[in-house]
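Shown below: query01.cif, with mmCIF, C-alpha atoms.
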```cif
data_upload
loop_
_atom_site.label_atom_id
_atom_site.label_comp_id
_atom_site.auth_asym_id
_atom_site.auth_seq_id
_atom_site.Cartn_x
_atom_site.Cartn_y
_atom_site.Cartn_z
CA MET A 197 -85.60 -29.41 64.16
CA THR A 198 -81.84 -29.30 63.63
CA ASP A 199 -79.37 -27.99 66.17
CA ILE A 200 -75.72 -26.97 66.10
CA LEU A 201 -74.49 -30.59 66.23
CA ASP A 202 -76.58 -31.47 63.18
CA ARG A 203 -75.20 -28.43 61.37
CA ILE A 204 -71.63 -29.43 62.14
CA ARG A 205 -72.22 -32.84 60.56
CA SER A 206 -74.08 -31.57 57.50
CA SER A 207 -71.60 -28.77 56.76
CA CYS A 208 -68.63 -31.15 56.99
CA ALA A 209 -70.38 -33.73 54.80
CA GLU A 210 -70.83 -31.02 52.19
CA VAL A 211 -67.11 -30.18 52.31
CA ALA A 212 -66.28 -33.87 51.85
CA ARG A 213 -68.46 -33.98 48.74
CA SER A 214 -66.75 -30.99 47.13
CA SER A 215 -63.21 -31.27 48.48
CA SER A 216 -60.28 -31.04 46.07
CA HIS A 217 -57.31 -31.30 48.46
CA VAL A 218 -58.52 -34.22 50.61
CA ARG A 219 -60.69 -37.23 49.85
CA ILE A 220 -62.00 -40.20 51.81
CA ASP A 221 -60.97 -43.66 50.60
CA ALA A 222 -64.02 -45.82 51.39
CA GLY A 223 -62.13 -49.10 50.94
CA ALA A 224 -59.31 -48.11 53.25
CA LEU A 225 -61.81 -46.84 55.81
CA LYS A 226 -63.58 -50.23 55.81
CA ALA A 227 -60.26 -52.05 56.22
CA PHE A 228 -59.38 -49.75 59.12
CA ALA A 229 -62.73 -50.51 60.77
CA ASP A 230 -61.91 -54.22 60.58
CA ARG A 231 -58.68 -53.87 62.57
CA LEU A 232 -59.40 -50.93 64.89
CA ASP A 233 -59.36 -51.60 68.64
CA THR A 234 -62.08 -49.39 70.10
CA SER A 235 -61.17 -49.92 73.75
CA ARG A 236 -61.60 -46.63 75.59
CA PRO A 237 -58.32 -45.04 76.75
CA GLU A 238 -57.73 -43.71 80.25
CA PRO A 239 -58.99 -40.15 80.88
CA ASP A 240 -56.52 -37.39 80.02
CA PRO A 241 -55.59 -34.55 82.45
CA GLY A 242 -58.54 -32.46 81.31
CA GLN A 243 -60.98 -35.23 82.28
CA VAL A 244 -59.93 -35.73 85.91
CA ARG A 245 -61.68 -33.88 88.72
CA VAL A 246 -59.69 -31.36 90.76
CA GLY A 247 -61.29 -30.45 94.11
CA ASN A 248 -65.00 -29.76 94.61
CA ASP A 249 -67.53 -29.30 91.82
CA GLU A 250 -66.84 -25.58 91.35
CA SER A 251 -63.06 -25.93 91.26
CA ALA A 252 -63.28 -29.00 89.00
CA VAL A 253 -65.48 -27.21 86.47
CA ALA A 254 -63.20 -24.17 86.70
CA PHE A 255 -60.14 -26.28 85.89
CA ILE A 256 -61.81 -28.02 82.94
CA LEU A 257 -63.15 -24.82 81.39
CA THR A 258 -59.83 -23.05 81.89
CA LEU A 259 -57.75 -25.84 80.38
CA ASP A 260 -60.14 -26.18 77.44
CA SER A 261 -60.08 -22.42 76.86
CA ILE A 262 -56.35 -22.74 76.09
CA ASN A 263 -56.50 -26.20 74.53
CA PHE A 264 -54.95 -24.95 71.30
CA GLY A 265 -51.53 -24.21 69.89
CA SER A 266 -50.53 -27.45 68.18
CA GLY A 267 -48.99 -25.35 65.42
CA TYR A 268 -46.75 -23.72 68.03
CA PHE A 269 -45.89 -26.87 69.99
CA PRO A 270 -42.74 -27.73 68.00
CA TYR A 271 -41.28 -24.42 69.22
CA ILE A 272 -42.27 -24.33 72.90
CA SER A 273 -40.41 -25.67 75.93
CA LYS A 274 -41.89 -28.99 77.03
CA ARG A 275 -41.63 -30.96 80.25
CA GLY A 276 -39.41 -33.99 79.79
CA THR A 277 -41.08 -36.36 77.34
CA MET A 278 -44.48 -34.67 77.60
CA SER A 279 -46.35 -33.43 74.55
CA GLY A 280 -47.31 -29.79 74.18
CA TYR A 281 -50.82 -30.42 75.49
CA GLN A 282 -49.55 -32.50 78.40
CA THR A 283 -47.09 -29.73 79.29
CA VAL A 284 -49.87 -27.14 79.34
CA ALA A 285 -52.20 -29.37 81.38
CA ALA A 286 -49.52 -30.31 83.93
CA SER A 287 -48.46 -26.67 84.31
CA LEU A 288 -52.04 -25.54 84.94
CA ARG A 289 -52.56 -28.33 87.45
CA ASP A 290 -49.39 -27.22 89.30
CA PHE A 291 -50.64 -23.64 89.30
CA VAL A 292 -53.88 -24.74 90.98
CA ALA A 293 -51.99 -26.88 93.49
CA HIS A 294 -49.85 -23.91 94.54
CA ASN A 295 -52.38 -21.08 94.26
CA GLY A 296 -55.77 -22.64 94.92
CA PRO A 297 -58.85 -22.97 92.70
CA ILE A 298 -59.14 -20.85 89.57
CA THR A 299 -61.52 -17.89 89.79
CA ALA A 300 -63.02 -15.64 87.13
CA THR A 301 -61.26 -12.68 88.77
CA VAL A 302 -57.88 -14.34 88.41
CA LEU A 303 -58.54 -15.09 84.74
CA VAL A 304 -59.64 -11.54 83.91
CA ASP A 305 -56.23 -10.33 85.13
CA SER A 306 -54.28 -12.74 82.89
CA THR A 307 -51.21 -11.33 81.12
CA THR A 308 -48.74 -12.65 78.58
CA ALA A 309 -45.95 -12.53 81.16
CA GLY A 310 -48.10 -14.33 83.71
CA CYS A 311 -48.91 -17.10 81.26
CA ALA A 312 -45.23 -17.46 80.37
CA CYS A 313 -44.50 -17.97 84.06
CA ILE A 314 -47.31 -20.50 84.56
CA PHE A 315 -46.47 -22.55 81.48
CA GLY A 316 -42.67 -22.28 81.67
CA GLN A 317 -42.08 -20.38 78.44
CA SER A 318 -39.61 -17.68 77.45
CA LEU A 319 -40.92 -14.45 75.94
CA ASP A 320 -37.56 -13.97 74.21
CA ASP A 321 -38.59 -16.63 71.69
CA PRO A 322 -41.22 -15.23 69.29
CA MET A 323 -43.28 -18.40 68.81
CA PRO A 324 -43.82 -19.19 72.53
CA ALA A 325 -44.33 -15.47 73.17
CA GLU A 326 -47.07 -15.33 70.54
CA LEU A 327 -48.77 -18.39 72.02
CA MET A 328 -48.62 -16.98 75.55
CA GLY A 329 -50.26 -13.80 74.29
CA LEU A 330 -53.08 -15.87 72.81
CA PHE A 331 -53.40 -17.84 76.04
CA ALA A 332 -53.72 -14.62 78.04
CA SER A 333 -56.41 -13.30 75.72
CA ALA A 334 -58.35 -16.59 75.89
CA LEU A 335 -58.20 -16.64 79.69
CA ARG A 336 -59.40 -13.05 79.96
CA ASP A 337 -62.29 -13.87 77.63
CA LEU A 338 -63.24 -16.85 79.80
CA GLY A 339 -63.07 -14.82 83.00
CA GLU A 340 -65.37 -12.17 81.54
CA PHE A 341 -67.70 -14.83 80.13
CA VAL A 342 -68.06 -16.59 83.50
CA ALA A 343 -68.59 -13.26 85.28
CA ILE A 344 -71.45 -12.41 82.93
CA GLU A 345 -73.05 -15.84 82.42
CA GLY A 346 -72.58 -17.32 85.88
CA GLY A 347 -72.02 -14.34 88.16
CA GLY A 348 -68.44 -15.51 88.62
CA SER A 349 -69.35 -19.16 89.16
CA PHE A 350 -68.09 -21.73 86.66
CA LEU A 351 -70.65 -24.25 87.90
CA ALA A 352 -73.52 -21.79 87.44
CA THR A 353 -72.26 -21.01 83.94
CA VAL A 354 -72.40 -24.66 82.87
CA THR A 355 -75.77 -25.13 84.56
CA LYS A 356 -77.21 -22.43 82.27
CA ALA A 357 -76.83 -24.88 79.38
CA GLY A 358 -79.75 -26.83 80.83
CA GLY A 359 -78.12 -30.24 80.50
CA SER A 360 -77.59 -29.87 76.76
CA ALA A 361 -74.16 -30.21 75.15
CA ALA A 362 -75.48 -28.43 72.05
CA SER A 363 -76.61 -25.48 74.17
CA LEU A 364 -73.23 -25.36 75.91
CA VAL A 365 -71.48 -25.24 72.53
CA GLU A 366 -73.72 -22.35 71.50
CA MET A 367 -72.96 -20.52 74.76
CA LEU A 368 -69.20 -20.94 74.40
CA ASP A 369 -69.43 -19.69 70.82
CA ARG A 370 -69.81 -16.18 72.25
CA MET A 371 -66.07 -16.22 72.97
CA PRO A 372 -64.00 -15.48 69.82
CA TYR A 373 -61.50 -18.31 70.28
CA PHE A 374 -64.33 -20.87 70.47
CA HIS A 375 -65.97 -19.56 67.27
CA ASP A 376 -64.65 -22.35 65.06
CA VAL A 377 -66.71 -21.39 62.00
CA HIS A 378 -65.31 -20.97 58.49
CA SER A 379 -66.25 -20.58 54.82
CA HIS A 380 -65.60 -23.13 52.09
CA ARG A 381 -66.59 -22.22 48.54
CA GLY A 382 -69.34 -19.91 49.72
CA ARG A 383 -70.75 -22.31 52.31
CA VAL A 384 -70.49 -21.97 56.09
CA VAL A 385 -68.54 -24.79 57.77
CA LEU A 386 -68.96 -25.46 61.49
CA LEU A 387 -66.30 -27.43 63.37
CA TYR A 388 -66.37 -26.30 67.04
CA LYS A 389 -63.57 -28.59 68.14
CA ARG A 390 -62.86 -27.05 71.55
CA ALA A 391 -66.43 -26.11 72.49
CA GLN A 392 -67.48 -29.74 72.08
CA ILE A 393 -64.47 -30.93 74.08
CA VAL A 394 -65.68 -28.89 77.06
CA ALA A 395 -68.90 -30.92 77.16
CA GLN A 396 -67.03 -34.20 76.68
CA ASP A 397 -64.49 -33.43 79.41
CA LEU A 398 -67.21 -32.47 81.87
CA ALA A 399 -69.17 -35.64 81.07
CA ILE A 400 -66.15 -37.87 81.67
CA ALA A 401 -64.87 -36.03 84.74
CA PHE A 402 -68.28 -36.14 86.43
CA ASP A 403 -69.27 -39.58 85.12
CA ARG A 404 -72.28 -37.99 83.36
CA HIS A 405 -73.68 -36.64 86.62
CA GLY A 406 -74.19 -33.11 87.89
CA PRO A 407 -72.38 -30.60 85.64
CA GLY A 408 -71.45 -33.50 83.35
CA ASP A 409 -75.02 -34.66 82.80
CA PHE A 410 -75.88 -33.78 79.18
CA HIS A 411 -78.83 -35.57 77.61
CA ASP A 412 -77.31 -35.20 74.13
CA ILE A 413 -73.68 -36.00 74.97
CA ASP A 414 -73.65 -39.01 72.63
CA ARG A 415 -74.39 -36.71 69.70
CA LEU A 416 -71.09 -34.84 69.84
CA THR A 417 -68.90 -35.14 66.75
CA MET A 418 -65.20 -35.83 66.41
CA PHE A 419 -63.03 -32.97 67.69
CA ALA A 420 -61.46 -31.69 64.48
CA ASP A 421 -57.73 -31.09 65.04
CA ASN A 422 -54.52 -32.08 63.25
CA LEU A 423 -53.84 -35.45 64.90
CA VAL A 424 -56.96 -37.50 64.12
CA PRO A 425 -56.81 -36.50 60.42
CA HIS A 426 -53.16 -37.56 60.50
CA VAL A 427 -54.02 -40.99 61.92
CA LEU A 428 -56.65 -41.44 59.21
CA ARG A 429 -54.16 -40.37 56.54
CA VAL A 430 -51.49 -42.81 57.74
CA GLU A 431 -54.14 -45.54 57.65
CA GLY A 432 -55.03 -44.59 54.06
CA ALA A 433 -58.57 -43.56 54.95
CA LEU A 434 -57.83 -39.93 54.05
CA VAL A 435 -55.90 -39.17 50.87
CA PHE A 436 -54.21 -35.79 50.51
CA SER A 437 -53.29 -34.11 47.23
CA GLU A 438 -49.62 -34.17 46.22
CA GLU A 439 -49.43 -30.40 46.62
CA LEU A 440 -50.78 -30.57 50.18
CA LEU A 441 -48.44 -33.42 51.09
CA ALA A 442 -45.49 -31.42 49.78
CA ARG A 443 -46.45 -28.47 51.97
CA ILE A 444 -46.73 -30.73 55.01
CA GLU A 445 -43.30 -32.23 54.27
CA MET A 446 -41.86 -28.70 54.12
CA VAL A 447 -43.49 -27.96 57.52
CA ASP A 448 -45.35 -25.13 55.84
CA ASP A 449 -48.04 -23.51 57.98
CA ILE A 450 -51.39 -24.64 56.56
CA THR A 451 -53.21 -21.41 57.34
CA VAL A 452 -56.39 -21.75 59.36
CA GLY A 453 -59.47 -21.01 57.27
CA THR A 454 -57.90 -21.82 53.90
CA GLU A 455 -59.41 -24.50 51.66
CA PRO A 456 -56.80 -27.19 52.43
CA GLU A 457 -57.00 -26.62 56.18
CA ILE A 458 -60.79 -26.70 56.26
CA GLU A 459 -60.88 -29.79 54.07
CA ILE A 460 -58.43 -31.67 56.28
CA ARG A 461 -60.55 -31.18 59.37
CA ALA A 462 -64.01 -31.38 57.79
CA CYS A 463 -63.21 -34.52 55.78
CA ALA A 464 -61.75 -36.13 58.90
CA LEU A 465 -64.90 -35.32 60.84
CA HIS A 466 -67.09 -36.83 58.13
CA ALA A 467 -64.78 -39.86 57.88
CA VAL A 468 -65.20 -40.48 61.62
CA GLU A 469 -68.98 -40.41 61.15
CA LEU A 470 -68.64 -43.01 58.39
CA LEU A 471 -66.22 -45.04 60.51
CA ARG A 472 -68.68 -45.06 63.41
CA GLY A 473 -71.33 -46.45 61.06
CA LEU A 474 -68.98 -49.16 59.83
CA LEU A 475 -68.16 -50.15 63.40
CA ALA A 476 -71.87 -50.32 64.24
CA GLU A 477 -72.29 -52.79 61.37
CA ARG A 478 -69.66 -54.90 63.16
CA ASP A 479 -71.64 -54.67 66.44
CA GLN A 480 -69.13 -52.21 67.90
CA GLN A 481 -71.24 -49.38 69.31
CA ILE A 482 -69.27 -46.21 69.98
CA ASN A 483 -70.18 -42.54 69.70
CA SER A 484 -68.13 -40.11 67.62
CA ALA A 485 -66.53 -38.34 70.57
CA ASP A 486 -65.32 -41.58 72.15
CA LEU A 487 -64.10 -42.73 68.76
CA ASP A 488 -62.15 -39.50 68.48
CA ASN A 489 -60.48 -40.26 71.83
CA VAL A 490 -59.51 -43.71 70.57
CA LEU A 491 -57.98 -42.27 67.39
CA TRP A 492 -56.29 -39.36 69.18
CA ASN A 493 -54.56 -41.70 71.63
CA LEU A 494 -53.61 -44.01 68.77
CA GLY A 495 -51.72 -41.06 67.30
CA ALA A 496 -49.14 -41.29 70.08
CA ALA A 497 -47.77 -44.54 68.63
CA LYS A 498 -44.42 -44.47 66.85
CA ARG A 499 -46.01 -45.44 63.54
CA TYR A 500 -47.87 -42.14 63.41
CA LYS A 501 -45.30 -39.94 65.11
CA SER A 502 -42.67 -40.94 62.56
CA VAL A 503 -44.70 -39.24 59.80
CA LEU A 504 -45.06 -35.46 59.62
CA ARG A 505 -48.56 -34.13 60.16
CA HIS A 506 -49.98 -30.78 59.17
CA ARG A 507 -49.37 -27.76 61.37
CA SER A 508 -51.59 -24.70 61.58
CA ARG A 509 -50.89 -21.87 63.98
CA GLY A 510 -54.16 -20.68 65.42
CA VAL A 511 -56.61 -20.84 68.29
CA PHE A 512 -58.95 -23.65 67.25
CA TYR A 513 -56.65 -26.67 67.87
#
```
Re-express the file's structure as structure tokens.
Amino acid sequence: MTDILDRIRSSCAEVARSSSHVRIDAGALKAFADRLDTSRPEPDPGQVRVGNDESAVAFILTLDSINFGSGYFPYISKRGTMSGYQTVAASLRDFVAHNGPITATVLVDSTTAGCACIFGQSLDDPMPAELMGLFASALRDLGEFVAIEGGGSFLATVTKAGGSAASLVEMLDRMPYFHDVHSHRGRVVLLYKRAQIVAQDLAIAFDRHGPGDFHDIDRLTMFADNLVPHVLRVEGALVFSEELLARIEMVDDITVGTEPEIEIRACALHAVELLRGLLAERDQQINSADLDNVLWNLGAAKRYKSVLRHRSRGVFY
């Protein structure tokens, strides 16, 4: 019997077979497997426990509910040399330090102005203002979701998944900004980048115990965003059409849900599955989610940052 994780893989494999804007170069992917260092990176801010179990789960779910906006990040105010994600994570951590653990009640009352204050953004600038509005909406959705599913308890909400990452993804899918589902040439494509990250972050933060104990955690896929596909493209493993490359060079918004955007993420997800298999042939055992973390952190190197990557303004990454 297939579940949502199987359907993510099969739908992305189908996109890879019919894609016209992006293709996987099998030879380059094999060469990349030969030289890739699969050492696990240190946990990021969303994978470090804050307080007791309830407050730690609350922080992880809250951060992951607003773990999007890469298409807006070039326009927001950042902290020093921090990336957009690091700025958001550090700002939320400071909010908790000064105001105490996050509660569902606090989230339900989220406003655009309140988010601008928390994350250090100006509402006079349209791009940050738009992102803060999306953040506020996502936080309200999460507050309402936790109130309904867990009676206001984040820990009880996660417990309802019954120790299954797939079930947690399906639960989170009830919130609009987690519904990372699209259509490609008449076929449904499932990606669920952020819903899967919630399970992964909980597993790492709790060392696969308690609220991080998911029996199927090793079956998560890559978290389809704009950075891992970029790393694969720079390595030659993904090849983009000349038209798509031209749009990226012009910093054109690659609209979420369009053929090129879906193909970038779906082909990258399928390429990571193939890469994992190639690494296994080399006696390097690593699951897709951990491999994603390796590739995502690799993207911080100058070699990758010196090349423009695609930007899409939306709520899925």
So what does the PyMOL selection byres ((chain A and resi 284) around 12) actually pick up in this one, as a VMD selection string? chain A and resid 241 to 242 258 to 266 269 272 to 275 278 to 283 285 to 291 311 to 317 327 to 328 331
Assuming the chain letters and numbering stay as they are in my file, what does the PyMOL selection byres ((chain A and resi 323) around 8) actually select? List them as a ChimeraX atom specification. /A:268,271-272,321-322,324-327
Produce a file of the selected residues containing C-alpha atoms, as an mmCIF file, in the frame of the given file.
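out36.cif was written with the following content:
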```
data_model
loop_
_atom_site.group_PDB
_atom_site.id
_atom_site.type_symbol
_atom_site.label_atom_id
_atom_site.label_comp_id
_atom_site.auth_asym_id
_atom_site.auth_seq_id
_atom_site.Cartn_x
_atom_site.Cartn_y
_atom_site.Cartn_z
ATOM 1 C CA TYR A 268 -46.750 -23.720 68.030
ATOM 2 C CA TYR A 271 -41.280 -24.420 69.220
ATOM 3 C CA ILE A 272 -42.270 -24.330 72.900
ATOM 4 C CA ASP A 321 -38.590 -16.630 71.690
ATOM 5 C CA PRO A 322 -41.220 -15.230 69.290
ATOM 6 C CA PRO A 324 -43.820 -19.190 72.530
ATOM 7 C CA ALA A 325 -44.330 -15.470 73.170
ATOM 8 C CA GLU A 326 -47.070 -15.330 70.540
ATOM 9 C CA LEU A 327 -48.770 -18.390 72.020
#
```
Leaving out Ile450 of chain A and any residue of its chain fewer than 4 positions from it, which residues lie within 8 Å of it when counting only C-alpha atoms, given as a ChimeraX atom specification? /A:443-444,454,456-457,506-509
Can you work out which one of A:Arg370, A:Arg245, A:Arg472, A:Arg429 has the shortest atom-to-atom distance to Asp397 of chain A, counting only C-alpha atoms? A:Arg245
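If you look at atom CA of Ala334 of chain A and atom CA of His411 of chain A, they are 28.0 Å away from each other.
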Written as a CSV table (one decimal) with C-alpha atoms, keeping the file's coordinate frame, what is the full residue list that the PyMOL selection byres ((chain A and resi 356) around 12) yields on the file shown?
```
chain,number,residue,atom,x,y,z
A,342,VAL,CA,-68.1,-16.6,83.5
A,344,ILE,CA,-71.4,-12.4,82.9
A,345,GLU,CA,-73.0,-15.8,82.4
A,346,GLY,CA,-72.6,-17.3,85.9
A,347,GLY,CA,-72.0,-14.3,88.2
A,349,SER,CA,-69.4,-19.2,89.2
A,350,PHE,CA,-68.1,-21.7,86.7
A,351,LEU,CA,-70.6,-24.2,87.9
A,352,ALA,CA,-73.5,-21.8,87.4
A,353,THR,CA,-72.3,-21.0,83.9
A,354,VAL,CA,-72.4,-24.7,82.9
A,355,THR,CA,-75.8,-25.1,84.6
A,357,ALA,CA,-76.8,-24.9,79.4
A,358,GLY,CA,-79.8,-26.8,80.8
A,359,GLY,CA,-78.1,-30.2,80.5
A,360,SER,CA,-77.6,-29.9,76.8
A,361,ALA,CA,-74.2,-30.2,75.2
A,362,ALA,CA,-75.5,-28.4,72.0
A,363,SER,CA,-76.6,-25.5,74.2
A,364,LEU,CA,-73.2,-25.4,75.9
A,365,VAL,CA,-71.5,-25.2,72.5
A,366,GLU,CA,-73.7,-22.4,71.5
A,367,MET,CA,-73.0,-20.5,74.8
A,368,LEU,CA,-69.2,-20.9,74.4
A,407,PRO,CA,-72.4,-30.6,85.6
A,410,PHE,CA,-75.9,-33.8,79.2
```
For Glu459 of chain A, which residue among A:Leu471, A:Ala343, A:Ala254, A:Leu387 is the nearest when counting only C-alpha atoms?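 Looking at the shortest contact to Glu459 of chain A, the residue is A:Leu387.
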Between atom CA of Ile256 of chain A and atom CA of Gly510 of chain A, what is the distance in Å, rounded to a tenth? 20.5 Å
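In this structure, atom CA of Glu238 of chain A sits 26.3 Å away from atom CA of Gly432 of chain A.
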Would you kindly return, as JSON, numbers by chain, each protein, DNA or RNA residue with an atom no farther than 8 Å from any atom of segment 491-500 of chain A, considering all atoms listed in the file and excluding same-chain residues fewer than 2 positions away? {"A": [237, 423, 424, 426, 427, 430, 487, 488, 489, 502, 503]}
Using only C-alpha atoms, the shortest atom-to-atom distance to Ala420 of chain A among A:Leu232, A:Val384, A:Ala300, A:Ala467 belongs to A:Ala467
Between A:Glu455, A:Asp221, A:Asp305, A:Asp369, single out the one closest to Gly382 of chain A, counting only C-alpha atoms. A:Glu455
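For the residues A:Cys208, A:Ala293, A:Ala252, A:Leu338, ranking by smallest atom-to-atom distance to Ala399 of chain A using only C-alpha atoms places A:Ala252 first.
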Please produce segment 216-231 of chain A, completed to N, CA and C atoms, as an mmCIF file, in the frame of the given file.
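Saved to result_19.cif:
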```cif
data_model
loop_
_atom_site.group_PDB
_atom_site.id
_atom_site.type_symbol
_atom_site.label_atom_id
_atom_site.label_comp_id
_atom_site.auth_asym_id
_atom_site.auth_seq_id
_atom_site.Cartn_x
_atom_site.Cartn_y
_atom_site.Cartn_z
ATOM 1 N N SER A 216 -61.249 -30.782 47.145
ATOM 2 C CA SER A 216 -60.280 -31.040 46.070
ATOM 3 C C SER A 216 -58.885 -31.343 46.598
ATOM 4 N N HIS A 217 -58.627 -31.061 47.873
ATOM 5 C CA HIS A 217 -57.310 -31.300 48.460
ATOM 6 C C HIS A 217 -57.263 -32.584 49.287
ATOM 7 N N VAL A 218 -58.431 -33.043 49.742
ATOM 8 C CA VAL A 218 -58.520 -34.220 50.610
ATOM 9 C C VAL A 218 -59.722 -35.048 50.167
ATOM 10 N N ARG A 219 -59.544 -36.368 50.143
ATOM 11 C CA ARG A 219 -60.690 -37.230 49.850
ATOM 12 C C ARG A 219 -60.676 -38.436 50.788
ATOM 13 N N ILE A 220 -61.842 -39.010 50.966
ATOM 14 C CA ILE A 220 -62.000 -40.200 51.810
ATOM 15 C C ILE A 220 -61.934 -41.441 50.930
ATOM 16 N N ASP A 221 -61.072 -42.388 51.310
ATOM 17 C CA ASP A 221 -60.970 -43.660 50.600
ATOM 18 C C ASP A 221 -61.871 -44.661 51.317
ATOM 19 N N ALA A 222 -63.021 -44.961 50.734
ATOM 20 C CA ALA A 222 -64.020 -45.820 51.390
ATOM 21 C C ALA A 222 -63.468 -47.213 51.675
ATOM 22 N N GLY A 223 -62.686 -47.760 50.737
ATOM 23 C CA GLY A 223 -62.130 -49.100 50.940
ATOM 24 C C GLY A 223 -61.157 -49.150 52.095
ATOM 25 N N ALA A 224 -60.282 -48.162 52.159
ATOM 26 C CA ALA A 224 -59.310 -48.110 53.250
ATOM 27 C C ALA A 224 -60.003 -47.879 54.590
ATOM 28 N N LEU A 225 -61.076 -47.099 54.577
ATOM 29 C CA LEU A 225 -61.810 -46.840 55.810
ATOM 30 C C LEU A 225 -62.455 -48.136 56.323
ATOM 31 N N LYS A 226 -62.988 -48.942 55.417
ATOM 32 C CA LYS A 226 -63.580 -50.230 55.810
ATOM 33 C C LYS A 226 -62.509 -51.168 56.371
ATOM 34 N N ALA A 227 -61.343 -51.191 55.737
ATOM 35 C CA ALA A 227 -60.260 -52.050 56.220
ATOM 36 C C ALA A 227 -59.801 -51.596 57.599
ATOM 37 N N PHE A 228 -59.768 -50.290 57.819
ATOM 38 C CA PHE A 228 -59.380 -49.750 59.120
ATOM 39 C C PHE A 228 -60.399 -50.144 60.176
ATOM 40 N N ALA A 229 -61.681 -50.107 59.829
ATOM 41 C CA ALA A 229 -62.730 -50.510 60.770
ATOM 42 C C ALA A 229 -62.552 -51.966 61.193
ATOM 43 N N ASP A 230 -62.087 -52.797 60.279
ATOM 44 C CA ASP A 230 -61.910 -54.220 60.580
ATOM 45 C C ASP A 230 -60.831 -54.469 61.628
ATOM 46 N N ARG A 231 -59.809 -53.604 61.671
ATOM 47 C CA ARG A 231 -58.680 -53.870 62.570
ATOM 48 C C ARG A 231 -58.585 -52.905 63.746
#
```
